[in-house]
file coords16.pdb (PDB, C-alpha atoms)
ATOM      1  CA  MET Z  26     -16.355   1.747  87.136
ATOM      2  CA  ALA Z  27     -15.744   3.153  90.612
ATOM      3  CA  PHE Z  28     -18.061   6.134  90.314
ATOM      4  CA  GLU Z  29     -18.273   6.509  94.091
ATOM      5  CA  ARG Z  30     -14.746   7.903  93.986
ATOM      6  CA  PHE Z  31     -15.811  10.591  91.493
ATOM      7  CA  THR Z  32     -16.217  14.081  92.943
ATOM      8  CA  LYS Z  33     -19.408  16.026  92.333
ATOM      9  CA  ASP Z  34     -17.624  17.974  89.554
ATOM     10  CA  ALA Z  35     -16.394  14.815  87.849
ATOM     11  CA  ARG Z  36     -19.890  13.308  87.957
ATOM     12  CA  ALA Z  37     -21.359  16.532  86.559
ATOM     13  CA  THR Z  38     -18.838  16.361  83.705
ATOM     14  CA  VAL Z  39     -19.817  12.785  82.840
ATOM     15  CA  LYS Z  40     -23.489  13.754  82.973
ATOM     16  CA  SER Z  41     -22.985  16.755  80.712
ATOM     17  CA  ALA Z  42     -20.945  14.639  78.274
ATOM     18  CA  ARG Z  43     -24.051  12.463  77.981
ATOM     19  CA  ASP Z  44     -26.119  15.620  77.390
ATOM     20  CA  GLU Z  45     -23.638  16.754  74.712
ATOM     21  CA  ALA Z  46     -24.137  13.453  72.877
ATOM     22  CA  VAL Z  47     -27.927  13.697  73.100
ATOM     23  CA  ALA Z  48     -27.929  17.325  71.915
ATOM     24  CA  ALA Z  49     -25.821  16.361  68.902
ATOM     25  CA  GLY Z  50     -28.156  13.460  68.081
ATOM     26  CA  HIS Z  51     -25.358  10.923  68.583
ATOM     27  CA  HIS Z  52     -26.063   7.337  69.631
ATOM     28  CA  THR Z  53     -22.915   7.092  71.711
ATOM     29  CA  VAL Z  54     -21.067   9.169  74.294
ATOM     30  CA  GLU Z  55     -17.509   9.571  73.030
ATOM     31  CA  ALA Z  56     -14.321  11.089  74.455
ATOM     32  CA  GLU Z  57     -15.028  14.223  72.414
ATOM     33  CA  HIS Z  58     -18.250  14.749  74.394
ATOM     34  CA  LEU Z  59     -16.249  14.586  77.621
ATOM     35  CA  LEU Z  60     -13.852  17.139  76.141
ATOM     36  CA  LEU Z  61     -16.711  19.487  75.207
ATOM     37  CA  ALA Z  62     -18.275  19.013  78.653
ATOM     38  CA  LEU Z  63     -14.957  19.993  80.254
ATOM     39  CA  THR Z  64     -14.902  23.312  78.352
ATOM     40  CA  ALA Z  65     -17.827  24.426  80.532
ATOM     41  CA  ARG Z  66     -15.452  24.530  83.505
ATOM     42  CA  PRO Z  67     -13.959  28.043  83.807
ATOM     43  CA  GLU Z  68     -10.759  26.749  85.464
ATOM     44  CA  PHE Z  69      -9.805  25.100  82.166
ATOM     45  CA  HIS Z  70     -10.195  28.190  80.003
ATOM     46  CA  VAL Z  71      -6.624  29.290  80.765
ATOM     47  CA  LEU Z  72      -5.524  25.988  79.206
ATOM     48  CA  GLY Z  73      -7.041  27.047  75.885
ATOM     49  CA  LEU Z  74     -10.061  24.755  76.255
ATOM     50  CA  ASP Z  75     -12.476  27.083  74.544
ATOM     51  CA  ARG Z  76     -15.750  25.457  73.529
ATOM     52  CA  GLU Z  77     -16.083  27.159  70.162
ATOM     53  CA  ARG Z  78     -12.471  26.519  69.250
ATOM     54  CA  LEU Z  79     -12.754  22.813  70.077
ATOM     55  CA  SER Z  80     -16.135  22.235  68.514
ATOM     56  CA  ASP Z  81     -14.902  23.959  65.341
ATOM     57  CA  ALA Z  82     -11.812  21.733  65.400
ATOM     58  CA  LEU Z  83     -13.944  18.600  65.838
ATOM     59  CA  ALA Z  84     -16.135  19.656  62.907
ATOM     60  CA  GLU Z  85     -13.032  20.370  60.850
ATOM     61  CA  GLU Z  86     -11.623  16.949  61.703
ATOM     62  CA  GLU Z  87     -14.830  15.299  60.493
ATOM     63  CA  GLU Z  88     -14.826  17.357  57.320
ATOM     64  CA  ARG Z  89     -11.190  16.575  56.528
ATOM     65  CA  SER Z  90     -11.697  12.866  57.183
ATOM     66  CA  LEU Z  91     -14.677  12.711  54.830
ATOM     67  CA  ALA Z  92     -12.849  14.827  52.250
ATOM     68  CA  SER Z  93      -9.940  12.357  52.394
ATOM     69  CA  VAL Z  94     -12.232   9.723  50.859
ATOM     70  CA  GLY Z  95     -13.723  12.132  48.360
ATOM     71  CA  LEU Z  96     -16.878  13.291  50.150
ATOM     72  CA  GLU Z  97     -17.631  16.940  49.550
ATOM     73  CA  PRO Z  98     -18.657  18.861  52.690
ATOM     74  CA  THR Z  99     -21.079  21.109  50.769
ATOM     75  CA  GLN Z 100     -23.307  18.133  49.947
ATOM     76  CA  LEU Z 101     -23.222  16.854  53.513
ATOM     77  CA  GLN Z 102     -24.200  20.122  55.152
ATOM     78  CA  ALA Z 103     -27.580  20.033  53.430
ATOM     79  CA  ARG Z 104     -28.728  16.991  55.427
ATOM     80  CA  PRO Z 105     -31.379  17.574  58.098
ATOM     81  CA  ALA Z 106     -30.343  17.612  61.735
ATOM     82  CA  PRO Z 107     -30.808  14.188  63.328
ATOM     83  CA  ARG Z 108     -33.313  13.637  66.091
ATOM     84  CA  ALA Z 109     -31.733  13.238  69.515
ATOM     85  CA  ALA Z 110     -31.038   9.708  70.704
ATOM     86  CA  ARG Z 111     -32.912   8.928  73.900
ATOM     87  CA  GLU Z 112     -30.220   7.199  75.922
ATOM     88  CA  PRO Z 113     -26.788   7.074  74.324
ATOM     89  CA  ARG Z 114     -24.365   4.399  75.514
ATOM     90  CA  PHE Z 115     -20.815   5.135  76.606
ATOM     91  CA  ALA Z 116     -18.578   4.010  73.761
ATOM     92  CA  SER Z 117     -15.028   2.695  74.077
ATOM     93  CA  SER Z 118     -13.386   6.125  73.615
ATOM     94  CA  SER Z 119     -15.182   7.621  76.629
ATOM     95  CA  LYS Z 120     -14.734   4.473  78.720
ATOM     96  CA  LEU Z 121     -11.015   4.501  77.930
ATOM     97  CA  ALA Z 122     -10.802   8.179  78.882
ATOM     98  CA  LEU Z 123     -12.464   7.479  82.251
ATOM     99  CA  GLU Z 124     -10.204   4.466  82.874
ATOM    100  CA  ARG Z 125      -7.203   6.666  82.133
ATOM    101  CA  ALA Z 126      -8.634   9.323  84.451
ATOM    102  CA  MET Z 127      -8.707   6.740  87.249
ATOM    103  CA  LYS Z 128      -5.148   5.710  86.467
ATOM    104  CA  ALA Z 129      -4.080   9.364  86.520
ATOM    105  CA  ALA Z 130      -5.674   9.817  89.942
ATOM    106  CA  ALA Z 131      -3.968   6.652  91.223
ATOM    107  CA  ARG Z 132      -0.612   7.780  89.816
ATOM    108  CA  ARG Z 133      -0.908  11.086  91.607
ATOM    109  CA  GLY Z 134      -1.958   9.378  94.811
ATOM    110  CA  ASP Z 135      -5.317  11.186  94.774
ATOM    111  CA  ARG Z 136      -8.105   9.368  96.552
ATOM    112  CA  ARG Z 137     -10.913  11.196  94.739
ATOM    113  CA  LEU Z 138     -11.285  11.584  90.999
ATOM    114  CA  ASP Z 139     -12.080  15.160  89.958
ATOM    115  CA  ALA Z 140     -12.614  17.038  86.679
ATOM    116  CA  ARG Z 141      -8.834  17.541  86.251
ATOM    117  CA  HIS Z 142      -8.342  13.780  86.217
ATOM    118  CA  VAL Z 143     -11.119  13.455  83.633
ATOM    119  CA  LEU Z 144      -9.305  16.001  81.481
ATOM    120  CA  LEU Z 145      -6.014  14.119  81.920
ATOM    121  CA  GLY Z 146      -7.815  10.930  80.891
ATOM    122  CA  VAL Z 147      -9.317  12.565  77.803
ATOM    123  CA  VAL Z 148      -6.066  14.123  76.578
ATOM    124  CA  ALA Z 149      -4.101  10.922  77.247
ATOM    125  CA  ALA Z 150      -5.470   9.478  73.992
ATOM    126  CA  GLU Z 151      -2.843   9.123  71.263
ATOM    127  CA  GLN Z 152      -5.396   8.162  68.606
ATOM    128  CA  GLY Z 153      -8.887   9.169  67.676
ATOM    129  CA  ARG Z 154     -10.965  12.306  67.245
ATOM    130  CA  VAL Z 155      -9.734  14.120  70.364
ATOM    131  CA  PRO Z 156      -5.986  14.231  69.612
ATOM    132  CA  ARG Z 157      -6.723  14.969  65.953
ATOM    133  CA  ALA Z 158      -9.015  17.864  66.859
ATOM    134  CA  LEU Z 159      -6.514  19.189  69.415
ATOM    135  CA  ARG Z 160      -3.859  19.219  66.692
ATOM    136  CA  ILE Z 161      -6.207  21.126  64.392
ATOM    137  CA  ALA Z 162      -6.920  23.605  67.218
ATOM    138  CA  GLU Z 163      -3.120  23.948  67.599
ATOM    139  CA  ILE Z 164      -3.260  22.940  71.237
ATOM    140  CA  ASP Z 165       0.002  21.409  72.425
ATOM    141  CA  VAL Z 166      -1.093  18.284  74.279
ATOM    142  CA  ASP Z 167       2.211  17.774  76.112
ATOM    143  CA  GLU Z 168       2.100  21.320  77.395
ATOM    144  CA  LEU Z 169      -1.575  20.914  78.288
ATOM    145  CA  ARG Z 170      -0.901  17.711  80.266
ATOM    146  CA  ALA Z 171       1.938  19.428  82.140
ATOM    147  CA  ARG Z 172      -0.287  22.354  83.114
ATOM    148  CA  ILE Z 173      -3.293  20.366  84.347
TER     149      ILE Z 173
ATOM    150  CA  MET H  14     -26.060   9.603  42.525
ATOM    151  CA  VAL H  15     -22.732   8.052  43.416
ATOM    152  CA  ASP H  16     -21.045  10.257  40.836
ATOM    153  CA  ASN H  17     -22.515  13.321  42.539
ATOM    154  CA  VAL H  18     -21.448  12.313  46.043
ATOM    155  CA  PHE H  19     -17.907  11.301  45.240
ATOM    156  CA  ALA H  20     -15.763  14.037  43.762
ATOM    157  CA  ALA H  21     -13.048  11.406  43.321
ATOM    158  CA  PRO H  22     -12.985   7.612  43.608
ATOM    159  CA  PRO H  23     -13.077   6.676  47.318
ATOM    160  CA  THR H  24      -9.489   5.623  47.857
ATOM    161  CA  LEU H  25      -8.111   5.646  51.394
ATOM    162  CA  PRO H  26      -5.377   8.023  52.589
ATOM    163  CA  ASP H  27      -1.914   6.416  52.883
ATOM    164  CA  ASP H  28      -1.457   7.304  56.564
ATOM    165  CA  PRO H  29      -3.202   4.621  58.681
ATOM    166  CA  ALA H  30      -4.333   7.262  61.211
ATOM    167  CA  ASP H  31      -6.037   9.240  58.437
ATOM    168  CA  ALA H  32      -7.458   6.094  56.846
ATOM    169  CA  LEU H  33      -8.961   4.896  60.151
ATOM    170  CA  ALA H  34     -10.309   8.388  60.882
ATOM    171  CA  ALA H  35     -11.997   8.385  57.473
ATOM    172  CA  VAL H  36     -13.631   5.016  58.202
ATOM    173  CA  GLY H  37     -14.910   6.337  61.535
ATOM    174  CA  ALA H  38     -16.281   9.469  59.888
ATOM    175  CA  LEU H  39     -18.024   7.402  57.206
ATOM    176  CA  ARG H  40     -19.559   5.159  59.861
ATOM    177  CA  ARG H  41     -20.907   8.187  61.753
ATOM    178  CA  LEU H  42     -22.223   9.643  58.511
ATOM    179  CA  ALA H  43     -23.942   6.338  57.652
ATOM    180  CA  ASP H  44     -25.533   6.307  61.131
ATOM    181  CA  ARG H  45     -26.886   9.817  60.645
ATOM    182  CA  LEU H  46     -28.203   8.978  57.199
ATOM    183  CA  GLU H  47     -29.816   5.827  58.586
ATOM    184  CA  ASP H  48     -31.583   7.876  61.281
ATOM    185  CA  THR H  49     -32.986  10.220  58.666
ATOM    186  CA  ALA H  50     -33.937   7.474  56.207
ATOM    187  CA  VAL H  51     -35.717   5.386  58.851
ATOM    188  CA  GLU H  52     -37.648   8.398  60.123
ATOM    189  CA  GLN H  53     -38.656   9.275  56.584
ATOM    190  CA  ALA H  54     -39.824   5.732  55.852
ATOM    191  CA  LEU H  55     -41.898   5.589  59.064
ATOM    192  CA  GLU H  56     -43.406   8.977  58.275
ATOM    193  CA  ASP H  57     -44.388   7.592  54.893
ATOM    194  CA  GLY H  58     -46.174   4.735  56.650
ATOM    195  CA  TRP H  59     -43.608   1.963  56.232
ATOM    196  CA  SER H  60     -43.771  -0.918  58.700
ATOM    197  CA  TRP H  61     -40.790  -1.810  60.886
ATOM    198  CA  ALA H  62     -40.615  -5.134  59.073
ATOM    199  CA  ASP H  63     -40.248  -3.417  55.697
ATOM    200  CA  VAL H  64     -37.685  -0.934  57.041
ATOM    201  CA  ALA H  65     -35.707  -3.830  58.510
ATOM    202  CA  GLU H  66     -35.821  -5.831  55.296
ATOM    203  CA  ALA H  67     -34.763  -2.827  53.234
ATOM    204  CA  LEU H  68     -31.801  -2.239  55.557
ATOM    205  CA  GLY H  69     -30.928  -5.937  55.601
ATOM    206  CA  VAL H  70     -31.226  -6.277  59.380
ATOM    207  CA  THR H  71     -33.749  -7.957  61.682
ATOM    208  CA  ARG H  72     -36.936  -6.202  62.705
ATOM    209  CA  GLN H  73     -35.807  -6.485  66.339
ATOM    210  CA  ALA H  74     -32.502  -4.800  65.540
ATOM    211  CA  VAL H  75     -34.043  -1.848  63.716
ATOM    212  CA  HIS H  76     -36.789  -1.467  66.333
ATOM    213  CA  LYS H  77     -34.329  -1.551  69.220
ATOM    214  CA  LYS H  78     -32.096   0.993  67.530
ATOM    215  CA  HIS H  79     -34.726   3.451  66.321
ATOM    216  CA  ALA H  80     -37.949   3.015  68.298
ATOM    217  CA  PRO H  81     -36.710   4.912  71.388
ATOM    218  CA  ARG H  82     -35.514   7.722  69.148
ATOM    219  CA  VAL H  83     -38.451   8.316  66.839
ATOM    220  CA  GLY H  84     -41.653   9.789  68.190
ATOM    221  CA  HIS H  85     -44.523   7.804  69.652
ATOM    222  CA  ASP H  86     -46.790   8.630  66.700
ATOM    223  CA  LEU H  87     -44.255   7.254  64.282
ATOM    224  CA  VAL H  88     -43.804   4.098  66.315
ATOM    225  CA  ARG H  89     -47.567   3.547  66.239
ATOM    226  CA  LYS H  90     -47.645   4.162  62.513
ATOM    227  CA  GLY H  91     -44.828   1.659  62.061
ATOM    228  CA  HIS H  92     -46.914  -0.994  63.783
ATOM    229  CA  ARG H  93     -49.771  -0.703  61.321
TER     230      ARG H  93
END
call {"tool": "encode", "arguments": {"input": "coords16.pdb", "output": "structure tokens"}}
result
Amino acid sequence: MAFERFTKDARATVKSARDEAVAAGHHTVEAEHLLLALTARPEFHVLGLDRERLSDALAEEEERSLASVGLEPTQLQARPAPRAAREPRFASSSKLALERAMKAAARRGDRRLDARHVLLGVVAAEQGRVPRALRIAEIDVDELRARI
Amino acid sequence: MVDNVFAAPPTLPDDPADALAAVGALRRLADRLEDTAVEQALEDGWSWADVAEALGVTRQAVHKKHAPRVGHDLVRKGHR
């Protein structure tokens, strides 16, 4: 991946997505970790990218998905918090998001890839945890894309 | 145990998006449970070989996946 074209902000976002995954004890860095990392950027708060709102929506998505196969959330909450993974790998959802970020930059004729492109890449997903959580958070993705 | 965990038989939702999301959520849950179970076994003095056999994977696979995550003391214990 052409990381040399990433701005300092975009690199910081990727790095904090990795930190998000580690903090959550996840083995992989997913698109949702990029999304959470992006909520730390104040310029995106006007777009409704509030950390608490999105992390609640992601938790809700997980809960609903498990409930859909009959797993009761009350029994799952009792489990101990997992130990942090040392070095999580970037999974396909985050790689796809970064590829889409590069495409978004190319489409706009931007030479450098900044945090806005990362956000465009993340919200470009039609499937997976991110669009499902955004729907739960009642964030209109089309409107969001238009405002980025 | 299974009766306690499943409030209803584990049938998949009709919508493919919901069904695939459920599979992903179950996989993540299984990963978290595996982390906890492996840690617990090592704390109880299990060897990596026994943990691997119990999980039905190779010793190399379980070591590669969990050794960097669990503490040094536990890793040493696992080598006993």
call {"tool": "resolve_selection", "arguments": {"input": "coords16.pdb", "expression": "the PyMOL selection byres ((chain Z and resi 70-78) around 12)", "output": "JSON, numbers by chain"}}
result
{"Z": [45, 57, 58, 59, 60, 61, 62, 63, 64, 65, 66, 67, 68, 69, 79, 80, 81, 82, 83, 84, 85, 141, 144, 148, 158, 159, 160, 161, 162, 163, 164, 165, 166, 167, 168, 169, 170, 171, 172, 173]}
call {"tool": "atom_distance", "arguments": {"input": "coords16.pdb", "atom1": "CA of Lys78 in chain H", "atom2": "CA of Pro23 in chain H"}}
result
28.3 Å
call {"tool": "resolve_selection", "arguments": {"input": "coords16.pdb", "expression": "the PyMOL selection byres ((chain Z and resi 42) around 12)", "output": "PyMOL selection string"}}
result
chain Z and resi 35-41+43-49+51+53-65+113-116+119-120+123+143+147
call {"tool": "resolve_selection", "arguments": {"input": "coords16.pdb", "expression": "the PyMOL selection byres ((chain H and resi 62) around 12)", "output": "PyMOL selection string"}}
result
chain H and resi 51+54-55+58-61+63-76+91-93
call {"tool": "closest_residue", "arguments": {"input": "coords16.pdb", "among": "Z:Leu96, Z:Met127, Z:His142, Z:Ala150", "to": "chain H", "atoms": "all atoms listed in the file"}}
result
Z:Leu96
call {"tool": "atom_distance", "arguments": {"input": "coords16.pdb", "atom1": "CA of Ala122 in chain Z", "atom2": "CA of Leu33 in chain H"}}
result
19.1 Å
call {"tool": "closest_residue", "arguments": {"input": "coords16.pdb", "among": "Z:Arg89, Z:Lys128, Z:Arg137, Z:Lys33", "to": "chain H", "atoms": "only C-alpha atoms"}}
result
Z:Arg89
call {"tool": "atom_distance", "arguments": {"input": "coords16.pdb", "atom1": "CA of Gly153 in chain Z", "atom2": "CA of Arg136 in chain Z"}}
result
28.9 Å
